[in-house]
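Asker: I'd like to ask you about the structure that follows.
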Amino acid sequence: MIKVGVVDTSFARVDMGSEAVEEIKRLTTRIRVLRRTVPGIKDLAVACKILIEREDCAACMALGMPGRDEKDKLSALVASYGIMMAQLMTGRHILEVFVHEEEAESEAELVELCRNRAREHARNLVRMLLSPEEMVRLAGTGQREGFADVGAAKKLR
Amino acid sequence: MIKVGVVDTSFARVDMGSEAVEEIKRLTTRIRVLRRTVPGIKDLAVACKILIEREDCAACMALGMPGRDEKDKLSALVASYGIMMAQLMTGRHILEVFVHEEEAESEAELVELCRNRAREHARNLVRMLLSPEEMVRLAGTGQREGFADVGAAKKLR
Amino acid sequence: MIKVGVVDTSFARVDMGSEAVEEIKRLTTRIRVLRRTVPGIKDLAVACKILIEREDCAACMALGMPGRDEKDKLSALVASYGIMMAQLMTGRHILEVFVHEEEAESEAELVELCRNRAREHARNLVRMLLSPEEMVRLAGTGQREGFADVGAAKKLR
Amino acid sequence: MIKVGVVDTSFARVDMGSEAVEEIKRLTTRIRVLRRTVPGIKDLAVACKILIEREDCAACMALGMPGRDEKDKLSALVASYGIMMAQLMTGRHILEVFVHEEEAESEAELVELCRNRAREHARNLVRMLLSPEEMVRLAGTGQREGFADVGAAKKLR
Amino acid sequence: MIKVGVVDTSFARVDMGSEAVEEIKRLTTRIRVLRRTVPGIKDLAVACKILIEREDCAACMALGMPGRDEKDKLSALVASYGIMMAQLMTGRHILEVFVHEEEAESEAELVELCRNRAREHARNLVRMLLSPEEMVRLAGTGQREGFADVGAAKKLR
């Protein structure tokens, strides 16, 4: 049984963690999920590192919703940086799944975007762990999580 | 007895550390607090790391008040980055509790905001250490420390 | 047989990894390539580190296409930073091969630019591994990967 | 005898290191100072780390004067970041004492500001090493090094 | 015999590495220089780390020429950050010698600036290794590498 960590925040306005957990369970029975919630995005990295090191998770998802202000953007930078370092220190993948509030135009759209992005990244995680050769088939195909894919650029004929 | 570190600064204009210490004591008798004060926000990270490594604190709070200038914002970035790295190097949570002076419109409001944010994060810390399952119940509920919560985004019905 | 890792993304709109792999194979039979694909540029660094540490790759190429938005530029910064740290933690070179979508004016030009930059960096990698003295001969000659070289600056005579 | 490192730069326009050394000597006979000078602010961090690791300094002061240009501000960011990492890697405090040239309006004012800031931070260092409980008494009191203190924010009565 | 590493890039438009090597040789016979060239500035840090760790260089010079675009400035930030980390991880000095193309107004001026800055930093390196007390005599004297020194700020009499 492969273990995977899913960590989200109480700051976010959508329960992204539950979406990710449900999607993983829907896709496979070979992965067991450990769920944690932390206050904000800067608390995600160490929570993932703890899940990897103490619970032997093979990979993690770090889900969060950075705010709109300039200082929130710097927080997102530090949070990303921490998730990057946690990956390098553990040698395991941690997928960063952030939704910026201003990406959506209404609350209903925000719920939808969070749901779709969390689930599409859950699919990425399952592919990376269970069938990495499928990822190579997707190389350069312009995948977008939560929105429609843009597709591969076309050469002149 | 679980030990927790609380570190604040002499640069801040409100004694945020005392608010955090009092709130932790008010909430539980199972946690013992170690208090330190450093000159500025860039001195917080190593002070927390020392409390974790030499005093075996299970977690820390790092409280500070970044200034208004452009260069103060870069200082806040470096300070946050350090708190992030200290968490990853020790595998323990350090809650960053920063209040930017311009978040409040008067001195009285600043005092109030610092007090509320410090105390709400103290509650987060206690929950994370003593009842982490409570945190999961708060996932995606739009919690805000120091201001009113914004709540979860609503889906279309 | 020297092993080299080539990692690209499903986010990119051109299959940059295949270009790099083909070019390496065209240039030499002394290098064996291991190929991986990850979702986005922030997943490249740890994938390279895994290839170096678990598969003993002597060096890697990390290929990606950052998006156009402000937040994509911060993602590119974090991705670069991670590739830098992965190099320092392993003591091996990882060539960062990024093409920003706005560097090209049409889809056809984007395909061409990705192809050329990936292949020119593949040549750099082969030179660094098999004939480092050739690199020294190119010092200060204004090489540009994917575009025409600008050449050395001329002194007054 | 406690050892402390004082490192400054040849780029700065005021001999900040000498001010710090004199102030420490004036305040106590229990600390021995080791002095170094490096070219610029990005050379400070490793010089401090060497003093801590090879000479067993209990703490350091890193004094410098970032330039006025945009690229100087990025240099200051990297320099600060390095001082942060050096602290975390050694578990010792390194007080960053930077004076930006534009903080003063004349050369004479610049000399005065450097002198005052270096000496006030020297006092912080001595307090942190010899009487840390004094620091806690200063928590939230709005201390400013080199300029007049702003004081604690006042609550409504 | 002390070994020193000199690393430059094929991206730069002036052969800065040769200037540094010649100046070191002109100044002393007690230092042996190891020379490497990498593609761009983000490849410098790991190349220096390899020279320090595998070849036991006592210090390094990292020479490069960041481009003019916004994204080149972010590359310079990551490159600087890497050089900083390489210093802290090895405990050895690496002098960063960057010339931004826009610092000079003509190609001839660019050649001259690169030559002067590389040589002045070579002198810094030799001083730091062979006569560190000379560096302390230069503390706060406003040294500028490649341009005229600005000198120490004057106090009021």
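Residue names in the structure tokens use chain letters A, B, ... in the order shown, residue numbers from 1 in each chain, and ligand numbers from 1 in the order shown.
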Can you pull out the residues contacting range 102-113 of chain D? Cut-off 6 Å, using only C-alpha atoms, and skip same-chain residues under 4 positions away; I want them as a VMD selection string.
Answerer: (chain D and resid 117 146) or (chain E and resid 153 to 156)
Asker: With N, CA and C atoms retained, export the selected residues as a short mmCIF file (atom, residue, chain, number, x, y, z; two decimals), in the first residue's frame.
Answerer:
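The file below, part.cif, is the result:
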data_model
loop_
_atom_site.label_atom_id
_atom_site.label_comp_id
_atom_site.auth_asym_id
_atom_site.auth_seq_id
_atom_site.Cartn_x
_atom_site.Cartn_y
_atom_site.Cartn_z
N ARG D 117 23.95 53.39 14.62
CA ARG D 117 23.33 52.08 14.39
C ARG D 117 24.28 50.95 14.78
N GLY D 146 19.80 53.57 15.53
CA GLY D 146 20.38 54.62 14.67
C GLY D 146 19.50 55.85 14.59
N ALA E 153 33.00 58.59 3.57
CA ALA E 153 32.15 59.77 3.80
C ALA E 153 32.86 60.66 4.82
N LYS E 154 32.70 61.98 4.63
CA LYS E 154 33.41 62.91 5.54
C LYS E 154 32.50 63.39 6.65
N LYS E 155 33.01 63.42 7.88
CA LYS E 155 32.23 63.97 9.00
C LYS E 155 32.40 65.49 9.03
N LEU E 156 31.48 66.15 9.68
CA LEU E 156 31.60 67.60 9.90
C LEU E 156 32.76 67.86 10.84
#
Asker: As a ChimeraX atom specification, please: the residues near range 119-124 of chain D (cut-off 9 Å, only C-alpha atoms, same-chain neighbours under 4 positions excluded).
Answerer: /B:38-39 /D:16,19-24,27,61,95-97,114-115,128-129,135,144-146
Asker: Give me, as CSV, the closest atom pair and its distance (Å, one decimal) for every residue of chain A within a cut-off of 6 Å of chain B, counting only C-alpha atoms, rows sorted by chain and rising number.
Answerer:
residue,atom,partner,partner_atom,distance
A:Thr9,CA,B:Ala139,CA,5.4
A:Ser10,CA,B:Ala139,CA,4.3
A:Phe11,CA,B:Gly142,CA,4.6
A:Ala12,CA,B:Gly140,CA,4.4
A:Arg13,CA,B:Ala152,CA,4.3
A:Val14,CA,B:Gly140,CA,4.2
A:Asp15,CA,B:Gly140,CA,4.0
A:Thr37,CA,B:Val136,CA,4.8
A:Val46,CA,B:Leu88,CA,5.5
A:Val78,CA,B:Tyr81,CA,5.8
A:Glu107,CA,B:Ala153,CA,5.2
A:Ala108,CA,B:Lys155,CA,4.3
Asker: Report as a VMD selection string all protein, DNA and RNA residues lying within 7 Å of Gly67 in chain D, evaluated on only C-alpha atoms, omitting residues in the same chain fewer than 2 positions from it.
Answerer: chain D and resid 65 69 72 100 to 101
Asker: Just to be explicit: take each residue in the selection above, keep C-alpha atoms, and write the result as a compact mmCIF listing (two decimals), in the first residue's frame.
Answerer:
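The resulting file, result.txt, is shown below:
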# COMPACT_ATOMS: atom_id res chain seq x y z
CA MET D 65 26.17 49.68 3.25
CA ASP D 69 20.57 51.17 -7.59
CA ASP D 72 22.10 46.97 -5.29
CA HIS D 100 21.33 52.29 3.06
CA GLU D 101 23.17 55.33 1.71
Asker: Can you measure CA of Thr28 in chain A to CA of Ser131 in chain A for me? One decimal in Å is fine.
Answerer: 12.0 Å
Asker: Using DSSP on the backbone coordinates, identify all residues within range 21-148 of chain C classified as alpha helix (DSSP H); present the result as a CSV table (one decimal) with N, CA and C atoms, in the first residue's frame.
Answerer:
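Final output, saved to states.csv:
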chain,number,residue,atom,x,y,z
C,21,VAL,N,16.6,14.8,-26.2
C,21,VAL,CA,17.0,13.4,-26.3
C,21,VAL,C,17.6,13.1,-27.7
C,22,GLU,N,16.9,13.5,-28.7
C,22,GLU,CA,17.4,13.2,-30.1
C,22,GLU,C,18.7,13.8,-30.4
C,23,GLU,N,18.9,15.1,-29.9
C,23,GLU,CA,20.2,15.7,-30.2
C,23,GLU,C,21.3,15.1,-29.4
C,24,ILE,N,21.1,14.7,-28.2
C,24,ILE,CA,22.2,14.0,-27.5
C,24,ILE,C,22.5,12.7,-28.2
C,25,LYS,N,21.5,11.9,-28.6
C,25,LYS,CA,21.8,10.7,-29.4
C,25,LYS,C,22.5,10.9,-30.7
C,26,ARG,N,22.2,12.0,-31.4
C,26,ARG,CA,22.8,12.4,-32.6
C,26,ARG,C,24.3,12.7,-32.5
C,27,LEU,N,24.6,13.3,-31.3
C,27,LEU,CA,26.0,13.8,-31.1
C,27,LEU,C,26.9,12.7,-30.6
C,44,LEU,N,10.2,20.0,-11.6
C,44,LEU,CA,11.5,19.6,-12.3
C,44,LEU,C,12.6,19.3,-11.4
C,45,ALA,N,12.8,20.2,-10.4
C,45,ALA,CA,14.1,20.1,-9.6
C,45,ALA,C,14.2,18.8,-8.9
C,46,VAL,N,13.1,18.4,-8.2
C,46,VAL,CA,13.2,17.1,-7.4
C,46,VAL,C,13.3,15.9,-8.4
C,47,ALA,N,12.6,16.0,-9.5
C,47,ALA,CA,12.7,14.9,-10.5
C,47,ALA,C,14.2,14.7,-10.9
C,48,CYS,N,14.9,15.8,-11.2
C,48,CYS,CA,16.3,15.8,-11.5
C,48,CYS,C,17.1,15.2,-10.4
C,49,LYS,N,16.8,15.7,-9.2
C,49,LYS,CA,17.6,15.2,-8.0
C,49,LYS,C,17.4,13.7,-7.9
C,50,ILE,N,16.2,13.2,-8.1
C,50,ILE,CA,16.0,11.7,-8.0
C,50,ILE,C,16.8,11.0,-9.1
C,51,LEU,N,16.8,11.5,-10.3
C,51,LEU,CA,17.6,10.9,-11.4
C,51,LEU,C,19.1,10.8,-11.0
C,52,ILE,N,19.6,11.9,-10.4
C,52,ILE,CA,21.0,11.9,-10.1
C,52,ILE,C,21.3,11.0,-8.9
C,53,GLU,N,20.4,11.0,-7.9
C,53,GLU,CA,20.7,10.2,-6.7
C,53,GLU,C,20.4,8.7,-6.8
C,54,ARG,N,19.2,8.4,-7.4
C,54,ARG,CA,18.8,7.0,-7.5
C,54,ARG,C,19.3,6.3,-8.7
C,55,GLU,N,19.5,7.1,-9.9
C,55,GLU,CA,19.9,6.5,-11.1
C,55,GLU,C,21.4,6.8,-11.5
C,70,GLU,N,2.0,37.4,-14.1
C,70,GLU,CA,2.9,37.8,-13.0
C,70,GLU,C,3.2,36.6,-12.1
C,71,LYS,N,2.1,35.9,-11.8
C,71,LYS,CA,2.3,34.7,-10.9
C,71,LYS,C,3.1,33.6,-11.5
C,72,ASP,N,3.0,33.5,-12.9
C,72,ASP,CA,3.9,32.5,-13.6
C,72,ASP,C,5.3,32.9,-13.5
C,73,LYS,N,5.6,34.2,-13.4
C,73,LYS,CA,7.0,34.6,-13.3
C,73,LYS,C,7.6,34.3,-12.0
C,74,LEU,N,6.7,34.4,-10.9
C,74,LEU,CA,7.2,34.0,-9.6
C,74,LEU,C,7.4,32.5,-9.5
C,75,SER,N,6.5,31.7,-10.2
C,75,SER,CA,6.7,30.3,-10.3
C,75,SER,C,8.0,30.0,-11.0
C,76,ALA,N,8.4,30.7,-12.0
C,76,ALA,CA,9.6,30.5,-12.7
C,76,ALA,C,10.8,30.7,-11.8
C,77,LEU,N,10.7,31.8,-11.0
C,77,LEU,CA,11.7,32.1,-10.0
C,77,LEU,C,11.9,30.9,-9.0
C,78,VAL,N,10.8,30.4,-8.5
C,78,VAL,CA,10.9,29.3,-7.5
C,78,VAL,C,11.5,28.1,-8.2
C,79,ALA,N,11.0,27.8,-9.4
C,79,ALA,CA,11.5,26.7,-10.2
C,79,ALA,C,13.0,26.7,-10.4
C,80,SER,N,13.5,27.9,-10.8
C,80,SER,CA,15.0,28.2,-11.0
C,80,SER,C,15.7,28.0,-9.7
C,81,TYR,N,15.2,28.5,-8.7
C,81,TYR,CA,15.8,28.4,-7.4
C,81,TYR,C,15.9,26.9,-7.0
C,82,GLY,N,14.9,26.2,-7.3
C,82,GLY,CA,15.0,24.7,-6.9
C,82,GLY,C,16.0,24.0,-7.7
C,83,ILE,N,16.1,24.3,-9.0
C,83,ILE,CA,17.1,23.7,-9.9
C,83,ILE,C,18.5,24.1,-9.4
C,84,MET,N,18.7,25.3,-9.0
C,84,MET,CA,19.9,25.7,-8.4
C,84,MET,C,20.3,24.9,-7.1
C,85,MET,N,19.3,24.8,-6.2
C,85,MET,CA,19.6,24.0,-5.0
C,85,MET,C,19.8,22.5,-5.3
C,86,ALA,N,19.1,22.0,-6.2
C,86,ALA,CA,19.3,20.6,-6.6
C,86,ALA,C,20.7,20.4,-7.1
C,87,GLN,N,21.3,21.3,-7.9
C,87,GLN,CA,22.7,21.2,-8.3
C,87,GLN,C,23.6,21.2,-7.1
C,88,LEU,N,23.4,22.2,-6.2
C,88,LEU,CA,24.3,22.4,-5.1
C,88,LEU,C,24.3,21.2,-4.1
C,89,MET,N,23.0,20.6,-4.0
C,89,MET,CA,22.9,19.5,-3.0
C,89,MET,C,23.5,18.2,-3.6
C,90,THR,N,23.6,18.1,-5.0
C,90,THR,CA,24.1,16.8,-5.6
C,90,THR,C,25.5,17.0,-6.1
C,107,GLU,N,2.9,30.5,-33.0
C,107,GLU,CA,3.0,29.1,-32.5
C,107,GLU,C,4.2,28.5,-33.3
C,108,ALA,N,4.3,28.7,-34.6
C,108,ALA,CA,5.3,28.1,-35.4
C,108,ALA,C,6.7,28.5,-34.9
C,109,GLU,N,6.8,29.9,-34.6
C,109,GLU,CA,8.1,30.4,-34.1
C,109,GLU,C,8.4,29.8,-32.7
C,110,LEU,N,7.4,29.5,-31.9
C,110,LEU,CA,7.6,28.9,-30.5
C,110,LEU,C,8.1,27.5,-30.7
C,111,VAL,N,7.6,26.8,-31.6
C,111,VAL,CA,8.1,25.4,-31.8
C,111,VAL,C,9.5,25.4,-32.2
C,112,GLU,N,9.9,26.3,-33.1
C,112,GLU,CA,11.2,26.5,-33.7
C,112,GLU,C,12.2,26.9,-32.5
C,113,LEU,N,11.8,27.9,-31.7
C,113,LEU,CA,12.7,28.3,-30.7
C,113,LEU,C,12.9,27.2,-29.6
C,114,CYS,N,11.9,26.5,-29.2
C,114,CYS,CA,12.0,25.4,-28.3
C,114,CYS,C,13.0,24.3,-28.8
C,115,ARG,N,12.8,24.0,-30.1
C,115,ARG,CA,13.6,23.0,-30.7
C,115,ARG,C,15.1,23.4,-30.7
C,116,ASN,N,15.3,24.7,-31.1
C,116,ASN,CA,16.7,25.1,-31.2
C,116,ASN,C,17.4,25.3,-29.8
C,117,ARG,N,16.6,25.8,-28.9
C,117,ARG,CA,17.2,26.0,-27.5
C,117,ARG,C,17.5,24.7,-26.9
C,118,ALA,N,16.5,23.8,-27.0
C,118,ALA,CA,16.7,22.4,-26.4
C,118,ALA,C,18.0,21.8,-27.0
C,119,ARG,N,18.1,21.9,-28.3
C,119,ARG,CA,19.2,21.2,-29.0
C,119,ARG,C,20.6,21.9,-28.7
C,120,GLU,N,20.6,23.2,-28.7
C,120,GLU,CA,21.8,23.9,-28.4
C,120,GLU,C,22.3,23.6,-26.9
C,121,HIS,N,21.4,23.5,-26.0
C,121,HIS,CA,21.7,23.2,-24.6
C,121,HIS,C,22.2,21.7,-24.5
C,122,ALA,N,21.6,20.9,-25.3
C,122,ALA,CA,22.0,19.5,-25.4
C,122,ALA,C,23.5,19.4,-25.8
C,123,ARG,N,23.8,20.3,-26.8
C,123,ARG,CA,25.2,20.3,-27.2
C,123,ARG,C,26.1,20.8,-26.0
C,124,ASN,N,25.7,21.9,-25.3
C,124,ASN,CA,26.4,22.3,-24.1
C,124,ASN,C,26.7,21.2,-23.2
C,125,LEU,N,25.6,20.4,-22.9
C,125,LEU,CA,25.7,19.3,-21.9
C,125,LEU,C,26.8,18.3,-22.3
C,126,VAL,N,26.7,17.9,-23.6
C,126,VAL,CA,27.7,17.0,-24.1
C,126,VAL,C,29.1,17.5,-24.0
C,127,ARG,N,29.3,18.8,-24.4
C,127,ARG,CA,30.6,19.4,-24.3
C,127,ARG,C,31.1,19.4,-22.8
C,128,MET,N,30.2,19.8,-21.9
C,128,MET,CA,30.6,19.9,-20.5
C,128,MET,C,31.1,18.5,-20.0
C,129,LEU,N,30.4,17.4,-20.4
C,129,LEU,CA,30.7,16.1,-19.9
C,129,LEU,C,31.9,15.5,-20.7
C,130,LEU,N,32.0,15.7,-22.0
C,130,LEU,CA,33.0,14.9,-22.8
C,130,LEU,C,34.2,15.8,-23.2
C,132,PRO,N,35.3,19.4,-21.7
C,132,PRO,CA,35.2,20.6,-21.0
C,132,PRO,C,36.1,21.7,-21.5
C,133,GLU,N,37.3,21.3,-22.1
C,133,GLU,CA,38.2,22.3,-22.6
C,133,GLU,C,37.7,23.1,-23.7
C,134,GLU,N,36.7,22.5,-24.5
C,134,GLU,CA,36.0,23.2,-25.5
C,134,GLU,C,35.2,24.4,-25.0
C,135,MET,N,34.6,24.2,-23.8
C,135,MET,CA,33.8,25.3,-23.2
C,135,MET,C,34.7,26.5,-22.9
C,136,VAL,N,35.9,26.2,-22.4
C,136,VAL,CA,36.8,27.4,-22.1
C,136,VAL,C,37.1,28.2,-23.4
C,137,ARG,N,37.2,27.5,-24.5
C,137,ARG,CA,37.5,28.2,-25.7
C,137,ARG,C,36.3,29.1,-26.1
Asker: Going by DSSP on the backbone, which bits of chain A are strand (DSSP E)? Write them as a PyMOL selection string, please.
Answerer: chain A and resi 2-9+31-38+59-64+94-98
Asker: Figure out the distance between CA of Ile41 in chain B and CA of Arg36 in chain D, please, to one decimal in Å.
Answerer: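 Straight-line distance from CA of Arg36 in chain D to CA of Ile41 in chain B works out to 25.5 Å.
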Asker: One number please: CA of Lys42 in chain A to CA of Ala59 in chain A, in Å, one decimal.
Answerer: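 Interatomic distance, CA of Lys42 in chain A to CA of Ala59 in chain A: 18.4 Å.
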